[in-house]
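Novice: Supplied structure: model03.cif, mmCIF, C-alpha atoms.
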```cif
data_work
#
loop_
_atom_site.label_atom_id
_atom_site.label_comp_id
_atom_site.auth_asym_id
_atom_site.auth_seq_id
_atom_site.Cartn_x
_atom_site.Cartn_y
_atom_site.Cartn_z
CA LEU A 1 -16.93 -18.81 -8.60
CA SER A 2 -14.52 -19.43 -11.48
CA VAL A 3 -15.77 -16.28 -13.22
CA THR A 4 -15.37 -14.35 -9.96
CA VAL A 5 -11.77 -15.52 -9.67
CA VAL A 6 -11.05 -14.24 -13.19
CA ALA A 7 -12.82 -10.95 -12.44
CA ALA A 8 -10.78 -10.51 -9.25
CA THR A 9 -7.51 -11.40 -10.96
CA ILE A 10 -7.79 -8.63 -13.56
CA PRO A 11 -7.76 -5.61 -11.19
CA PHE A 12 -5.29 -7.31 -8.85
CA VAL A 13 -2.74 -7.76 -11.64
CA ALA A 14 -3.60 -4.42 -13.26
CA ALA A 15 -2.78 -2.59 -10.03
CA ARG A 16 0.69 -4.16 -10.02
CA LEU A 17 1.64 -4.56 -13.68
CA GLY A 18 -0.72 -2.29 -15.61
CA PRO A 19 -4.15 -2.68 -17.23
CA LEU A 20 -2.96 -4.61 -20.29
CA SER A 21 -1.23 -7.17 -18.09
CA GLY A 22 -4.38 -7.43 -16.00
CA LEU A 23 -6.58 -8.10 -19.02
CA LEU A 24 -4.18 -10.62 -20.52
CA SER A 25 -3.76 -12.37 -17.18
CA GLY A 26 -7.52 -12.68 -16.83
CA LEU A 27 -7.78 -14.09 -20.36
CA LEU A 28 -5.03 -16.64 -19.73
CA LEU A 29 -6.72 -17.72 -16.52
CA ALA A 30 -10.14 -17.98 -18.16
CA ILE A 31 -8.84 -20.37 -20.84
CA ASN A 32 -6.58 -22.38 -18.54
CA PRO A 33 -7.73 -26.03 -18.67
CA ALA A 34 -7.19 -26.56 -14.95
CA HIS A 35 -9.28 -23.52 -14.06
CA ILE A 36 -12.02 -24.64 -16.44
CA ALA A 37 -12.00 -28.13 -14.92
CA ASN A 38 -12.34 -26.70 -11.42
CA SER A 39 -15.38 -24.71 -12.49
CA VAL A 40 -17.43 -27.88 -12.92
CA LEU A 41 -16.04 -30.06 -10.11
CA GLY A 42 -17.76 -28.20 -7.30
CA LEU A 43 -14.78 -28.51 -4.94
CA ARG A 44 -13.11 -25.96 -2.68
CA GLU A 45 -10.33 -24.87 -5.05
CA GLU A 46 -12.11 -21.86 -6.54
CA LEU A 47 -13.15 -20.54 -3.14
CA GLY A 48 -9.64 -21.06 -1.78
CA THR A 49 -8.14 -19.25 -4.77
CA LEU A 50 -10.51 -16.32 -4.36
CA LEU A 51 -9.79 -16.03 -0.64
CA PHE A 52 -6.04 -16.18 -1.24
CA LEU A 53 -6.40 -13.36 -3.76
CA ALA A 54 -8.39 -11.36 -1.22
CA VAL A 55 -5.91 -11.67 1.64
CA ILE A 56 -2.94 -10.86 -0.61
CA ALA A 57 -4.78 -7.85 -2.04
CA ILE A 58 -5.44 -6.64 1.51
CA LEU A 59 -1.74 -6.94 2.33
CA PHE A 60 -0.95 -4.82 -0.74
CA HIS A 61 -3.22 -2.10 0.64
CA ARG A 62 -0.78 -0.08 2.69
CA ALA A 63 -2.38 1.24 5.84
CA PRO A 64 0.43 2.13 8.28
CA GLY A 65 -0.15 3.12 11.85
CA ALA A 66 -3.02 2.18 14.10
CA GLN A 67 -5.59 1.44 11.40
CA TRP A 68 -7.07 -1.76 12.76
CA SER A 69 -9.66 -2.36 10.06
CA TRP A 70 -7.23 -3.84 7.53
CA PRO A 71 -5.50 -6.25 9.95
CA VAL A 72 -8.93 -7.35 11.18
CA LEU A 73 -10.15 -7.85 7.61
CA ALA A 74 -6.99 -9.75 6.67
CA GLY A 75 -7.35 -11.97 9.73
CA THR A 76 -10.98 -12.63 8.87
CA VAL A 77 -10.16 -13.71 5.32
CA ALA A 78 -7.20 -15.77 6.55
CA GLY A 79 -9.49 -17.53 9.00
CA ALA A 80 -11.90 -18.31 6.17
CA ILE A 81 -9.01 -19.80 4.18
CA VAL A 82 -8.03 -22.06 7.10
CA LEU A 83 -11.64 -23.21 7.42
CA THR A 84 -11.50 -24.06 3.72
CA ARG A 85 -7.98 -25.51 3.63
CA SER A 86 -6.75 -26.17 7.15
CA GLU A 87 -3.26 -27.22 6.03
CA VAL A 88 -2.34 -23.62 5.16
CA GLN A 89 -2.63 -22.11 8.64
CA PRO A 90 1.17 -21.95 9.23
CA HIS A 91 1.54 -20.37 5.77
CA LEU A 92 -1.01 -17.72 6.54
CA LEU A 93 0.30 -16.74 9.95
CA VAL A 94 3.77 -16.23 8.50
CA MET A 95 2.30 -14.44 5.47
CA LEU A 96 0.36 -12.06 7.71
CA ALA A 97 3.51 -11.34 9.70
CA ILE A 98 5.91 -10.82 6.80
CA GLY A 99 3.39 -9.27 4.42
CA GLY A 100 1.93 -7.06 7.13
CA TRP A 101 5.37 -5.80 8.06
CA LEU A 102 7.12 -5.47 4.69
CA ILE A 103 4.23 -4.72 2.33
CA ALA A 104 1.27 -3.36 4.27
CA ARG A 105 3.60 -1.62 6.78
CA TRP A 106 1.49 -2.57 9.78
CA SER A 107 2.80 -2.09 13.26
CA TRP A 108 3.50 -5.20 15.31
CA ARG A 109 0.17 -4.62 17.01
CA GLY A 110 -1.60 -4.86 13.66
CA ILE A 111 0.11 -8.17 12.94
CA VAL A 112 -0.90 -9.52 16.36
CA VAL A 113 -4.49 -8.40 15.78
CA SER A 114 -4.60 -10.23 12.44
CA TRP A 115 -3.29 -13.38 14.13
CA ILE A 116 -5.82 -13.14 16.95
CA VAL A 117 -8.71 -12.79 14.51
CA THR A 118 -7.49 -15.73 12.41
CA ILE A 119 -7.04 -18.01 15.41
CA ALA A 120 -10.35 -16.95 16.95
CA LEU A 121 -12.20 -17.97 13.80
CA VAL A 122 -10.63 -21.44 13.62
CA VAL A 123 -10.72 -22.34 17.32
CA PRO A 124 -14.31 -23.66 17.03
CA MET A 125 -13.16 -26.05 14.30
CA TYR A 126 -10.40 -27.44 16.50
CA GLY A 127 -12.83 -27.58 19.40
CA GLY A 128 -15.19 -29.63 17.27
CA PHE A 129 -12.40 -32.05 16.39
CA TYR A 130 -11.54 -32.41 20.08
CA TYR A 131 -15.17 -32.99 21.03
CA ARG A 132 -15.64 -35.68 18.39
CA THR A 133 -12.25 -37.41 18.40
CA GLY A 134 -10.37 -36.27 21.51
CA ASN A 135 -7.70 -34.71 19.26
CA PRO A 136 -8.02 -31.03 18.30
CA PHE A 137 -5.61 -31.57 15.40
CA PHE A 138 -7.37 -34.66 14.08
CA SER A 139 -7.52 -33.39 10.50
CA ALA A 140 -3.80 -32.60 10.29
CA ASN A 141 -2.77 -35.85 11.96
CA TYR A 142 -5.12 -37.87 9.78
CA GLY A 143 -3.60 -36.35 6.65
CA ALA A 144 -0.05 -36.98 7.86
CA THR A 145 -0.85 -40.61 8.64
CA VAL A 146 -2.44 -41.16 5.24
CA ASN A 147 0.48 -39.51 3.45
CA ARG A 148 2.99 -41.70 5.29
CA ASN A 149 1.20 -44.85 4.22
CA LEU A 150 0.83 -43.71 0.62
CA GLU A 151 4.44 -42.59 0.25
CA PHE A 152 6.01 -45.65 1.86
CA GLN A 153 3.70 -48.46 0.82
CA GLU A 154 6.61 -50.87 0.50
CA ARG A 155 7.26 -50.51 4.25
CA ILE A 156 3.72 -51.45 5.30
CA GLY A 157 3.82 -54.69 7.22
CA ASN A 158 7.61 -54.67 7.28
CA ASP A 159 8.90 -51.79 9.41
CA PRO A 160 8.13 -50.35 12.85
CA GLY A 161 5.99 -47.22 12.75
CA PHE A 162 3.83 -48.60 9.95
CA PRO A 163 0.61 -50.60 9.99
CA THR A 164 0.63 -54.34 9.59
CA GLU A 165 -0.85 -55.82 6.44
CA GLU A 166 -3.95 -56.81 8.42
CA GLU A 167 -4.38 -53.28 9.79
CA TYR A 168 -3.94 -51.79 6.34
CA GLN A 169 -6.52 -54.12 4.83
CA ARG A 170 -8.93 -53.32 7.63
CA ASP A 171 -8.43 -49.56 8.10
CA GLY A 172 -7.20 -48.46 4.69
CA TRP A 173 -4.92 -45.48 4.13
CA ALA A 174 -5.30 -44.18 7.70
CA ALA A 175 -4.15 -47.45 9.30
CA GLY A 176 -1.32 -47.74 11.78
CA PRO A 177 0.16 -45.38 14.37
CA VAL A 178 -1.20 -41.84 14.14
CA ILE A 179 1.50 -39.24 13.50
CA THR A 180 1.65 -35.45 13.33
CA PRO A 181 2.65 -33.47 10.22
CA MET A 182 6.01 -32.61 11.80
CA GLU A 183 6.66 -36.29 12.46
CA TYR A 184 5.79 -37.10 8.86
CA PHE A 185 7.99 -34.35 7.43
CA PHE A 186 11.04 -34.73 9.65
CA GLY A 187 10.63 -38.11 11.32
CA TYR A 188 10.37 -40.04 8.07
CA HIS A 189 12.64 -37.71 6.07
CA SER A 190 15.91 -36.00 6.85
CA VAL A 191 16.17 -32.23 6.45
CA PRO A 192 18.19 -32.58 3.20
CA GLU A 193 15.60 -35.04 1.88
CA PHE A 194 12.79 -32.66 2.80
CA ALA A 195 14.52 -29.80 0.95
CA ALA A 196 15.30 -31.91 -2.12
CA ILE A 197 11.76 -33.28 -2.35
CA SER A 198 10.32 -29.77 -1.98
CA LEU A 199 12.52 -28.42 -4.79
CA ARG A 200 11.50 -31.34 -6.98
CA GLY A 201 7.92 -30.52 -6.12
CA TYR A 202 8.18 -27.01 -7.57
CA ASP A 203 9.35 -28.52 -10.86
CA HIS A 204 6.48 -31.01 -10.77
CA ILE A 205 3.90 -28.31 -10.09
CA PHE A 206 4.91 -26.14 -13.03
CA THR A 207 5.73 -28.81 -15.61
CA ARG A 208 3.10 -31.43 -14.72
CA VAL A 209 0.24 -29.40 -13.25
CA LEU A 210 -0.08 -25.66 -13.84
CA LEU A 211 1.47 -25.39 -17.31
CA ALA A 212 1.43 -29.01 -18.47
CA HIS A 213 -1.08 -28.24 -21.23
CA ASP A 214 1.39 -25.99 -23.10
CA LEU A 215 5.06 -25.94 -22.17
CA ARG A 216 5.55 -22.80 -24.27
CA LEU A 217 3.81 -21.03 -21.41
CA LEU A 218 6.48 -22.41 -19.09
CA TRP A 219 9.16 -20.62 -21.11
CA LEU A 220 7.12 -17.43 -21.00
CA PHE A 221 6.70 -17.86 -17.26
CA MET A 222 10.46 -18.17 -16.79
CA LEU A 223 11.02 -15.11 -18.99
CA GLY A 224 8.44 -13.11 -17.06
CA THR A 225 10.01 -14.11 -13.76
CA VAL A 226 13.44 -12.94 -14.92
CA LEU A 227 12.00 -9.65 -16.19
CA LEU A 228 10.19 -9.00 -12.92
CA LEU A 229 13.20 -9.79 -10.78
CA THR A 230 15.63 -7.76 -12.89
CA THR A 231 13.32 -4.75 -12.65
CA ARG A 232 12.95 -5.26 -8.88
CA GLN A 233 9.29 -6.20 -9.09
CA TRP A 234 9.79 -9.15 -6.79
CA ILE A 235 6.43 -9.30 -5.03
CA ILE A 236 4.49 -11.56 -7.42
CA PRO A 237 7.35 -14.10 -7.84
CA LEU A 238 7.67 -14.15 -4.06
CA VAL A 239 3.92 -14.73 -3.69
CA ILE A 240 4.13 -17.70 -6.08
CA LEU A 241 7.07 -19.13 -4.18
CA TRP A 242 5.23 -18.74 -0.91
CA VAL A 243 1.77 -20.04 -1.83
CA LEU A 244 3.37 -23.20 -3.24
CA ALA A 245 5.83 -23.66 -0.37
CA PRO A 246 5.73 -26.83 1.74
CA PRO A 247 3.58 -28.68 2.42
CA TYR A 248 2.43 -28.19 -1.19
CA SER A 249 5.78 -28.42 -2.97
CA PHE A 250 6.88 -31.23 -0.66
CA LEU A 251 3.76 -33.30 -1.28
CA ALA A 252 4.09 -32.70 -5.02
CA GLY A 253 7.71 -33.83 -4.89
CA THR A 254 6.87 -37.20 -3.37
CA GLY A 255 5.58 -38.29 -6.77
CA ALA A 256 2.49 -40.02 -5.37
CA PRO A 257 -0.62 -38.73 -7.19
CA GLN A 258 -2.87 -39.74 -4.29
CA ILE A 259 -0.84 -37.49 -1.97
CA PHE A 260 -0.87 -34.49 -4.28
CA PRO A 261 -3.77 -34.13 -6.70
CA GLY A 262 -2.91 -31.34 -9.12
CA ARG A 263 -5.81 -29.19 -7.93
CA TYR A 264 -3.91 -28.54 -4.69
CA ALA A 265 -1.71 -26.08 -6.63
CA HIS A 266 -4.41 -24.29 -8.57
CA HIS A 267 -4.64 -21.42 -6.09
CA ALA A 268 -1.36 -20.16 -7.62
CA LEU A 269 -2.84 -19.78 -11.11
CA PRO A 270 -3.73 -16.05 -10.89
CA TYR A 271 -0.13 -15.13 -10.06
CA VAL A 272 1.35 -17.52 -12.62
CA THR A 273 -0.80 -16.04 -15.38
CA ALA A 274 0.25 -12.56 -14.20
CA VAL A 275 3.91 -13.45 -14.76
CA ILE A 276 3.15 -14.92 -18.18
CA ALA A 277 1.20 -11.81 -19.13
CA TRP A 278 4.13 -9.63 -18.08
CA SER A 279 6.50 -11.67 -20.24
CA ILE A 280 4.48 -10.43 -23.22
CA ILE A 281 3.34 -6.97 -22.13
CA GLY A 282 6.62 -5.90 -20.51
CA PRO A 283 8.86 -6.29 -23.59
CA SER A 284 6.08 -5.04 -25.89
CA ARG A 285 5.69 -1.88 -23.86
CA TRP A 286 9.45 -1.35 -23.80
CA LEU A 287 9.68 -1.77 -27.58
CA ALA A 288 6.74 0.59 -28.12
CA LEU A 289 8.31 3.28 -25.94
CA ARG A 290 11.66 2.83 -27.65
CA ALA A 291 10.04 3.16 -31.08
CA TRP A 292 8.13 6.24 -29.96
CA ARG A 293 11.26 7.96 -28.70
CA ARG A 294 12.94 7.37 -32.04
CA LEU A 295 9.91 8.49 -34.01
CA ARG A 296 9.03 11.54 -31.94
CA PRO A 297 11.76 13.88 -33.30
CA ARG A 298 10.66 13.12 -36.85
CA LEU A 299 7.09 14.10 -36.03
CA ALA A 300 8.07 17.41 -34.48
CA LEU A 301 7.28 20.44 -36.68
CA PRO A 302 9.92 23.11 -37.35
CA GLY A 303 9.87 25.56 -34.49
CA ALA A 304 7.77 23.22 -32.37
CA SER A 305 10.00 23.84 -29.39
CA SER A 306 8.71 27.39 -29.23
CA LEU A 307 5.08 26.34 -29.28
CA GLN A 308 2.97 25.84 -26.21
CA GLY A 309 2.00 22.28 -25.35
CA GLY A 310 3.50 19.48 -27.36
CA VAL A 311 2.76 16.04 -28.65
CA GLN A 312 0.88 13.51 -26.54
CA ALA A 313 2.92 10.36 -25.82
CA PRO A 314 1.24 7.10 -26.85
CA ASP A 315 1.62 5.57 -23.40
CA GLY A 316 -0.45 8.25 -21.73
CA GLY A 317 2.63 9.58 -20.00
CA GLY A 318 1.73 13.24 -20.51
CA ARG A 319 2.74 15.90 -22.99
CA VAL A 320 6.30 15.94 -24.26
#
```
Just give me the structure as structure tokens.

Specialist:
Amino acid sequence: LSVTVVAATIPFVAARLGPLSGLLSGLLLAINPAHIANSVLGLREELGTLLFLAVIAILFHRAPGAQWSWPVLAGTVAGAIVLTRSEVQPHLLVMLAIGGWLIARWSWRGIVVSWIVTIALVVPMYGGFYYRTGNPFFSANYGATVNRNLEFQERIGNDPGFPTEEEYQRDGWAAGPVITPMEYFFGYHSVPEFAAISLRGYDHIFTRVLLAHDLRLLWLFMLGTVLLLTTRQWIIPLVILWVLAPPYSFLAGTGAPQIFPGRYAHHALPYVTAVIAWSIIGPSRWLALRAWRRLRPRLALPGASSLQGGVQAPDGGGRV
């Protein structure tokens, strides 16, 4: 699957930033230590990354009007992502709505269709949870309860809303009152705390996880982001911001490694490598075009303006 992720990244990036950026992005992803590590762990990260790439690529395929096939396909892939990583369902529903409207230019009916397909695919999972535990959202509530106990271990046995020491010794991380994700996020943290922790999480993800092996790449990433935004190519930076949004950035910002293993952020690697590739290819292409425009008059033969045709530009931009 790791090879498939690289192979899918190349055309995805090439379609947005050009073939050289696509090739360089694929190379950077192929040699990324985190991606290499995932290739031998046998976990869900590679599949999740590939499915994320697929649904975002579908959203980039503009199919306005009543073309139901693309919303159905996007909903199908989104449902597969939720079955792989259930915590991202709110992300995906919002992504289908905003991406379907702004990028794919779907009608509101297309967005609703994509939602219906996504929800229909995951309902059996929630039904299974209800049948086995009596709680259709058992997985989400279990994770929230575990995260509470891991983040606030000093409050175990001391404060209401936490397990006693005996309960914690007996039941482990999931001990104590069961809570929902919303209770964990906003019952145990204020809104300003939630925002501050999430912002800190973005810093943690880039400096300690995705680009920790070579901080020079972090500088290139920041340069590439600035170049993309200043040239109004905002889609890929926005995708990175979104796929790492809470709960991911929040969990990373808590600072507890048990709450946020670094692999939880690896699905953003294709887009991060795309930005790094653009930080190199973008300026290089600009310099090459600038040099060509200066050199072109010197290469023109006397009377060339009266000749048919012209000289072929090095960037494949046609005859000049």

Novice: Residues of region 199-273 of chain A that have any atom at most 12 Å from an atom of region 97-105 of chain A: could you tabulate them with the shortest-distance atom pair and the distance in Å to one decimal, using all atoms listed in the file, ordered by chain and increasing number, as a Markdown table?

Specialist:
```
| residue | atom | partner | partner_atom | distance |
| --- | --- | --- | --- | --- |
| A:Trp234 | CA | A:Ile103 | CA | 11.6 |
| A:Ile235 | CA | A:Ile103 | CA | 8.9 |
| A:Ile236 | CA | A:Ile103 | CA | 11.9 |
| A:Leu238 | CA | A:Gly99 | CA | 10.7 |
| A:Val239 | CA | A:Gly99 | CA | 9.8 |
| A:Trp242 | CA | A:Gly99 | CA | 11.0 |
```

Novice: Taking all atoms listed in the file into account, which of A:Asn149, A:Thr254, A:Ser139, A:Thr4 comes nearest Glu193 (chain A)?

Specialist: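 Once distances to Glu193 (chain A) are computed over all atoms listed in the file, the minimum belongs to A:Thr254.
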
Novice: Could you tell me how far CA of Phe162 (chain A) sits from CA of Tyr130 (chain A), in Å to one decimal place?

Specialist: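 According to the coordinates, CA of Tyr130 (chain A) and CA of Phe162 (chain A) are separated by 24.5 Å.
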
Novice: Using all atoms listed in the file, determine which residues lie at most 12 Å from Ala7 (chain A), disregarding the query and same-chain residues fewer than 2 positions distant; provide the list as number ranges by chain.

Specialist: A: 1-5, 9-14, 22-27, 29-30, 50, 53, 270

Novice: What is the distance between CA of Ala268 (chain A) and CA of Trp68 (chain A), in Å to one decimal?

Specialist: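 Separating CA of Ala268 (chain A) from CA of Trp68 (chain A) is a distance of 28.0 Å.
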
Novice: Mind giving me the straight-line distance from CA of Val122 (chain A) to CA of Ser249 (chain A) in Å, one decimal?

Specialist: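 Atom-to-atom, CA of Val122 (chain A) to CA of Ser249 (chain A), that is 24.4 Å.
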
Novice: Could you give me, as a list in words, the residues within 12 Å of Gln153 (chain A), counting only C-alpha atoms and dropping anything in the same chain fewer than 4 positions from it?

Specialist: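 My reading of the contact set: Thr145, Val146, Asn147, Arg148, Asn149, Gly157, Asn158, Asp159, Phe162, Pro163, Thr164, Glu165, Tyr168, Gly172, Trp173, Ala175 and Ala256 of chain A.
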
Novice: Would you put the residues from that selection into a file with C-alpha atoms, as a compact mmCIF listing (two decimals), in the coordinates of the input?

Specialist:
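Here's the written file selection13.txt:
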```
# COMPACT_ATOMS: atom_id res chain seq x y z
CA THR A 145 -0.85 -40.61 8.64
CA VAL A 146 -2.44 -41.16 5.24
CA ASN A 147 0.48 -39.51 3.45
CA ARG A 148 2.99 -41.70 5.29
CA ASN A 149 1.20 -44.85 4.22
CA GLY A 157 3.82 -54.69 7.22
CA ASN A 158 7.61 -54.67 7.28
CA ASP A 159 8.90 -51.79 9.41
CA PHE A 162 3.83 -48.60 9.95
CA PRO A 163 0.61 -50.60 9.99
CA THR A 164 0.63 -54.34 9.59
CA GLU A 165 -0.85 -55.82 6.44
CA TYR A 168 -3.94 -51.79 6.34
CA GLY A 172 -7.20 -48.46 4.69
CA TRP A 173 -4.92 -45.48 4.13
CA ALA A 175 -4.15 -47.45 9.30
CA ALA A 256 2.49 -40.02 -5.37
```

Novice: For Met125 (chain A), find every residue with an atom within 12 Å (counting all atoms listed in the file), except residues of its own chain fewer than 6 positions away, and show them as a list in words.

Specialist: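 Close residues of Met125 (chain A): Gly79, Ala80, Val82, Leu83, Thr84, Arg85, Ser86, Thr118, Ile119, Tyr131, Arg132, Asn135, Pro136, Phe137, Phe138 and Ser139 of chain A.
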
Novice: So which residues touch Ala265 (chain A) within 7 Å, counting all atoms listed in the file, skipping near sequence neighbours fewer than 2 positions away, as a PDB file with C-alpha atoms, in the frame of the given file?

Specialist:
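Saved as out21.pdb:
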```
ATOM      1  CA  ILE A 205       3.900 -28.310 -10.090  1.00  0.00           C
ATOM      2  CA  LEU A 244       3.370 -23.200  -3.240  1.00  0.00           C
ATOM      3  CA  GLY A 262      -2.910 -31.340  -9.120  1.00  0.00           C
ATOM      4  CA  ARG A 263      -5.810 -29.190  -7.930  1.00  0.00           C
ATOM      5  CA  HIS A 267      -4.640 -21.420  -6.090  1.00  0.00           C
ATOM      6  CA  ALA A 268      -1.360 -20.160  -7.620  1.00  0.00           C
TER       7      ALA A 268
END
```

Novice: Considering only C-alpha atoms, return as an MDAnalysis selection string whatever protein or nucleic-acid residues lie within 9 Å of Leu269 (chain A), sequence-local ones (same chain, fewer than 3 positions apart) excluded.

Specialist: chainID A and resid 29 32 34:35 49 210 240 265:266 272:274

Novice: List the residues matched by the PyMOL selection byres ((chain A and resi 278-282) around 7) in the displayed structure as a VMD selection string, ordered by chain and then by residue number.

Specialist: chain A and resid 20 to 21 220 to 221 223 to 224 274 to 277 283 to 286

Novice: Given the choices A:Val123, A:Leu287, A:Tyr188, A:Leu229, which gets closest to Phe152 (chain A) if the distance is worked out from all atoms listed in the file?

Specialist: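 Of all the options, A:Tyr188 lies closest to Phe152 (chain A).
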
Novice: From the options A:Pro246, A:Gln67, A:Leu150, A:Gly18, which residue's atoms come nearest to Ile259 (chain A), counting only C-alpha atoms?

Specialist: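 Nearest to Ile259 (chain A): A:Leu150.
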
Novice: Which one is closest to Trp106 (chain A): A:Phe206, A:Tyr142, A:Phe260, A:Phe60? Count all atoms listed in the file.

Specialist: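 Using all atoms listed in the file, Trp106 (chain A) sits closest to A:Phe60.
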
Novice: Using all atoms listed in the file, pick whichever of A:Thr225, A:Ile156, A:Phe250, A:Pro181 has the shortest atom-to-atom distance to Ser198 (chain A).

Specialist: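 Comparing A:Thr225, A:Ile156, A:Phe250, A:Pro181 against Ser198 (chain A), the winner is A:Phe250.
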